[in-house]
Amino acid sequence: MAKWGEGDPRWIVEERPDATNVNNWHWTEKNATPWSKDRFHQLFKNIKIGNANIECVIESIDKCSGEATANNRKGKLIFFYEWELTLNWVGFFKNNEKKHKGKATIPNLSEENELDDVEITITIDESNEESEALKQFMYNNGREKIRQLLGIYIKELKEEYSKNLILPNKNSEKAQASYNNEPKGKNSFNYDGSRSNASKEVTTLGCKLDVRTLTIEEEFQCSANDLYNALTKPDMVTSFTRAPAKVEASRGGEFHLYGGNVHGVFDELAPEKRLSLRWRLKSWPSGHYSNVIIEFEEMKNCTRMKLTQSGIPASEYGTMKTNWNRYYWHSIKQTFGFGVPLADVL
């Protein structure tokens, strides 16, 4: 068997060192069903959803029926999945604590439907005034949490079952070698003055996206605690966005801003130090989130903020810095006076 760079170049096996699935031409398939069932049971176990008056908990999966496979054909990844899920949930009012049981049903989670279009039905076991109010709360809030968890499943399915499904060939090795020989210096600077990593390609829900990374630094004339609160307190977020805002500032909590055009999840919260978010625009491909890290450094006369956002679709990159400055930083400074030197307000 010829190795790469040796023997008669007409030998087809030279395209693969082991002569297996040359050029990824043949259909290969991985069964993702057992992994999927285990992951669903992990994701939908003791998930709390609540507010000041209500607490609901998705306790477990009552039904998990379906299948999932990952396929490679001619070097293209194709994912098939079709699931019917029924979730058990309980809810109660915190001043009463009498528990009411219900179910959330997802009749058809599949690659044919956008995540935002997946049907989620909320029901209760016994109907009365309290249980109907809890049902409405789950309809308004619980369904968003369920969609978020379904998005995590789909994302992890793509990541887990993309591994080793497309085999390397001679050309891909050359491309990797060329990439490895590129200078490894500091991040390059973009035309707008912000630092950015080189663009790269990711696969989200079966779609390949060219993505970029943006870094922004800004100074605010306030304490780190004030700036942290401006980004996490619902009343302050509502003030600077000038629109109703939903902000659940806890790990795994969601945020919905600007009429739902911006939404995501808090992954890490360290008051006065750091925020880590999964962040997306509604217009982005379904299920695709960027990762946003916001770091705070309190100086003698100001607080320095550094934002790093990775996973920005390349088509959106040009306007992202402008939008952060206009709709976040400038608006925060204008609303709370954080652009005025501290000495001027003492």
# chains A, B, ... in the order shown; residues from 1 in each chain; ligands from 1

$ residues_around --residues "Ile293 (chain A)" --least-positions-apart "4" --cutoff "10 Å" --atoms "only C-alpha atoms" --output "list in words"
Thr215, Asp267, Glu268, Arg274, Leu275, Ser276, Leu277, Arg278, Trp279, Lys306, Leu307, Thr308, Gln309 and Ser310 of chain A

$ write_last_selection --atoms "all heavy atoms" --output "compact mmCIF listing (two decimals), in the first residue's frame"
# COMPACT_ATOMS: atom_id res chain seq x y z
N THR A 215 -13.00 42.09 20.14
CA THR A 215 -12.60 42.55 21.46
C THR A 215 -12.81 44.06 21.55
O THR A 215 -12.39 44.79 20.66
CB THR A 215 -11.12 42.22 21.75
OG1 THR A 215 -10.94 40.81 21.68
CG2 THR A 215 -10.72 42.69 23.15
N ASP A 267 -23.84 32.11 31.85
CA ASP A 267 -23.06 30.92 32.19
C ASP A 267 -22.24 31.11 33.46
O ASP A 267 -21.98 30.16 34.18
CB ASP A 267 -22.12 30.56 31.03
CG ASP A 267 -22.86 29.92 29.87
OD1 ASP A 267 -23.90 29.27 30.11
OD2 ASP A 267 -22.41 30.07 28.72
N GLU A 268 -21.80 32.34 33.71
CA GLU A 268 -20.97 32.60 34.88
C GLU A 268 -21.19 34.04 35.32
O GLU A 268 -21.24 34.95 34.51
CB GLU A 268 -19.49 32.38 34.54
CG GLU A 268 -18.53 32.64 35.69
CD GLU A 268 -17.07 32.57 35.27
OE1 GLU A 268 -16.80 32.10 34.15
OE2 GLU A 268 -16.21 32.99 36.06
N ARG A 274 -16.59 39.67 36.54
CA ARG A 274 -16.69 39.00 35.25
C ARG A 274 -18.10 38.49 35.00
O ARG A 274 -18.80 38.06 35.92
CB ARG A 274 -15.71 37.82 35.25
CG ARG A 274 -15.74 36.89 34.07
CD ARG A 274 -14.80 35.73 34.35
NE ARG A 274 -14.91 34.65 33.35
CZ ARG A 274 -14.09 34.49 32.34
NH1 ARG A 274 -13.09 35.32 32.17
NH2 ARG A 274 -14.24 33.49 31.48
N LEU A 275 -18.52 38.55 33.73
CA LEU A 275 -19.75 37.92 33.25
C LEU A 275 -19.40 37.06 32.04
O LEU A 275 -18.63 37.46 31.18
CB LEU A 275 -20.78 38.97 32.83
CG LEU A 275 -21.51 39.75 33.91
CD1 LEU A 275 -22.32 40.88 33.27
CD2 LEU A 275 -22.43 38.85 34.72
N SER A 276 -19.99 35.86 31.99
CA SER A 276 -19.84 34.99 30.84
C SER A 276 -21.23 34.63 30.34
O SER A 276 -22.06 34.15 31.12
CB SER A 276 -19.05 33.73 31.21
OG SER A 276 -18.93 32.87 30.10
N LEU A 277 -21.48 34.88 29.05
CA LEU A 277 -22.82 34.73 28.50
C LEU A 277 -22.78 33.92 27.21
O LEU A 277 -21.80 33.95 26.47
CB LEU A 277 -23.43 36.11 28.16
CG LEU A 277 -23.19 37.27 29.11
CD1 LEU A 277 -23.57 38.57 28.41
CD2 LEU A 277 -24.02 37.09 30.37
N ARG A 278 -23.88 33.21 26.94
CA ARG A 278 -24.17 32.75 25.59
C ARG A 278 -25.15 33.76 25.02
O ARG A 278 -26.22 33.96 25.57
CB ARG A 278 -24.76 31.34 25.61
CG ARG A 278 -23.73 30.24 25.59
CD ARG A 278 -24.34 28.89 25.83
NE ARG A 278 -24.71 28.72 27.23
CZ ARG A 278 -25.63 27.87 27.66
NH1 ARG A 278 -26.30 27.13 26.80
NH2 ARG A 278 -25.89 27.76 28.94
N TRP A 279 -24.82 34.37 23.88
CA TRP A 279 -25.51 35.57 23.39
C TRP A 279 -25.81 35.42 21.91
O TRP A 279 -24.95 34.97 21.14
CB TRP A 279 -24.59 36.76 23.65
CG TRP A 279 -25.13 38.14 23.44
CD1 TRP A 279 -25.56 39.00 24.40
CD2 TRP A 279 -25.25 38.86 22.19
NE1 TRP A 279 -25.94 40.20 23.83
CE2 TRP A 279 -25.76 40.14 22.49
CE3 TRP A 279 -24.97 38.52 20.86
CZ2 TRP A 279 -25.99 41.08 21.50
CZ3 TRP A 279 -25.22 39.47 19.87
CH2 TRP A 279 -25.72 40.73 20.19
N LYS A 306 -13.65 45.14 29.56
CA LYS A 306 -13.15 44.46 28.36
C LYS A 306 -14.15 43.41 27.96
O LYS A 306 -14.51 42.53 28.74
CB LYS A 306 -11.80 43.81 28.63
CG LYS A 306 -11.23 43.07 27.41
CD LYS A 306 -9.90 42.42 27.72
CE LYS A 306 -9.37 41.64 26.52
NZ LYS A 306 -8.08 40.98 26.82
N LEU A 307 -14.63 43.48 26.71
CA LEU A 307 -15.57 42.51 26.16
C LEU A 307 -14.87 41.69 25.08
O LEU A 307 -14.21 42.25 24.20
CB LEU A 307 -16.80 43.20 25.58
CG LEU A 307 -17.80 42.29 24.85
CD1 LEU A 307 -19.23 42.74 25.12
CD2 LEU A 307 -17.57 42.28 23.33
N THR A 308 -15.02 40.38 25.16
CA THR A 308 -14.54 39.48 24.12
C THR A 308 -15.71 38.64 23.64
O THR A 308 -16.33 37.93 24.45
CB THR A 308 -13.42 38.56 24.63
OG1 THR A 308 -12.37 39.35 25.18
CG2 THR A 308 -12.87 37.70 23.50
N GLN A 309 -16.05 38.75 22.38
CA GLN A 309 -17.19 38.01 21.81
C GLN A 309 -16.69 37.13 20.68
O GLN A 309 -16.20 37.61 19.67
CB GLN A 309 -18.26 38.97 21.30
CG GLN A 309 -19.51 38.27 20.77
CD GLN A 309 -20.58 39.23 20.28
OE1 GLN A 309 -20.28 40.41 20.02
NE2 GLN A 309 -21.78 38.76 20.13
N SER A 310 -16.79 35.82 20.86
CA SER A 310 -16.37 34.88 19.84
C SER A 310 -17.60 34.21 19.22
O SER A 310 -18.65 34.12 19.85
CB SER A 310 -15.45 33.81 20.44
OG SER A 310 -16.09 33.11 21.49

$ residues_around --residues "Lys333 (chain A)" --least-positions-apart "3" --cutoff "10 Å" --atoms "only C-alpha atoms" --output "PyMOL selection string"
chain A and resi 219-222+227+240+328-330+336-340

$ atom_distance --atom1 "CA of Phe92 (chain A)" --atom2 "CA of Lys246 (chain A)"
21.1 Å

$ select_by_dssp --residues "region 85-169 of chain A" --states "alpha helix (DSSP H)" --output "PyMOL selection string"
chain A and resi 129-137+143-160

$ residues_around --residues "His263 (chain A)" --least-positions-apart "5" --cutoff "12 Å" --atoms "only C-alpha atoms" --output "short mmCIF file (atom, residue, chain, number, x, y, z; two decimals) with N, CA and C atoms, in the first residue's frame"
data_model
loop_
_atom_site.label_atom_id
_atom_site.label_comp_id
_atom_site.auth_asym_id
_atom_site.auth_seq_id
_atom_site.Cartn_x
_atom_site.Cartn_y
_atom_site.Cartn_z
N GLU A 144 -39.48 28.64 26.93
CA GLU A 144 -38.20 29.22 26.52
C GLU A 144 -37.04 28.44 27.10
N LYS A 145 -37.19 28.03 28.37
CA LYS A 145 -36.13 27.23 29.00
C LYS A 145 -35.99 25.88 28.30
N GLN A 148 -34.16 26.32 25.08
CA GLN A 148 -32.74 26.51 25.33
C GLN A 148 -32.05 25.16 25.53
N ALA A 245 -37.41 44.35 29.65
CA ALA A 245 -36.30 43.40 29.60
C ALA A 245 -36.53 42.29 30.62
N LYS A 246 -36.23 41.09 30.21
CA LYS A 246 -36.26 39.94 31.12
C LYS A 246 -34.82 39.55 31.41
N VAL A 247 -34.43 39.61 32.69
CA VAL A 247 -33.06 39.32 33.08
C VAL A 247 -33.09 38.44 34.33
N GLU A 248 -32.63 37.22 34.20
CA GLU A 248 -32.52 36.29 35.32
C GLU A 248 -31.04 36.12 35.62
N GLY A 253 -29.61 31.26 34.03
CA GLY A 253 -30.74 32.17 33.83
C GLY A 253 -30.71 32.80 32.46
N GLU A 254 -31.86 33.20 31.96
CA GLU A 254 -31.96 33.75 30.61
C GLU A 254 -32.10 35.26 30.64
N PHE A 255 -31.80 35.89 29.50
CA PHE A 255 -32.09 37.30 29.31
C PHE A 255 -32.69 37.49 27.92
N HIS A 256 -33.68 38.40 27.84
CA HIS A 256 -34.35 38.74 26.59
C HIS A 256 -34.43 40.26 26.53
N LEU A 257 -33.78 40.87 25.55
CA LEU A 257 -33.70 42.32 25.44
C LEU A 257 -34.18 42.78 24.08
N TYR A 258 -34.54 44.04 24.02
CA TYR A 258 -34.92 44.68 22.75
C TYR A 258 -36.00 43.87 22.02
N LEU A 277 -21.48 34.88 29.05
CA LEU A 277 -22.82 34.73 28.50
C LEU A 277 -22.78 33.92 27.21
N ARG A 278 -23.88 33.21 26.94
CA ARG A 278 -24.17 32.75 25.59
C ARG A 278 -25.15 33.76 25.02
N TRP A 279 -24.82 34.37 23.88
CA TRP A 279 -25.51 35.57 23.39
C TRP A 279 -25.81 35.42 21.91
N ARG A 280 -27.02 35.78 21.50
CA ARG A 280 -27.36 35.68 20.08
C ARG A 280 -28.37 36.75 19.69
N LEU A 281 -28.38 37.04 18.40
CA LEU A 281 -29.43 37.84 17.80
C LEU A 281 -30.50 36.91 17.24
N LYS A 282 -31.73 37.34 17.28
CA LYS A 282 -32.83 36.53 16.78
C LYS A 282 -32.65 36.18 15.31
N SER A 283 -31.98 37.06 14.56
CA SER A 283 -31.81 36.87 13.12
C SER A 283 -30.73 35.86 12.78
N TRP A 284 -29.93 35.43 13.77
CA TRP A 284 -28.87 34.46 13.50
C TRP A 284 -29.45 33.08 13.22
N GLY A 287 -30.28 28.26 16.82
CA GLY A 287 -29.41 27.46 17.67
C GLY A 287 -27.99 27.96 17.78
N HIS A 288 -27.60 28.98 16.99
CA HIS A 288 -26.21 29.46 17.04
C HIS A 288 -26.07 30.58 18.07
N TYR A 289 -25.16 30.40 19.01
CA TYR A 289 -24.87 31.40 20.04
C TYR A 289 -23.40 31.81 19.94
N SER A 290 -23.14 33.08 20.17
CA SER A 290 -21.77 33.52 20.37
C SER A 290 -21.46 33.42 21.87
#

$ atom_distance --atom1 "CA of Trp89 (chain A)" --atom2 "CA of Glu111 (chain A)"
25.8 Å

$ closest_residue --among "A:Gly91, A:Gly142, A:Gly151, A:Pro34" --to "Thr69 (chain A)" --atoms "only C-alpha atoms"
A:Pro34

$ atom_distance --atom1 "CA of Gly252 (chain A)" --atom2 "CA of Glu59 (chain A)"
16.2 Å
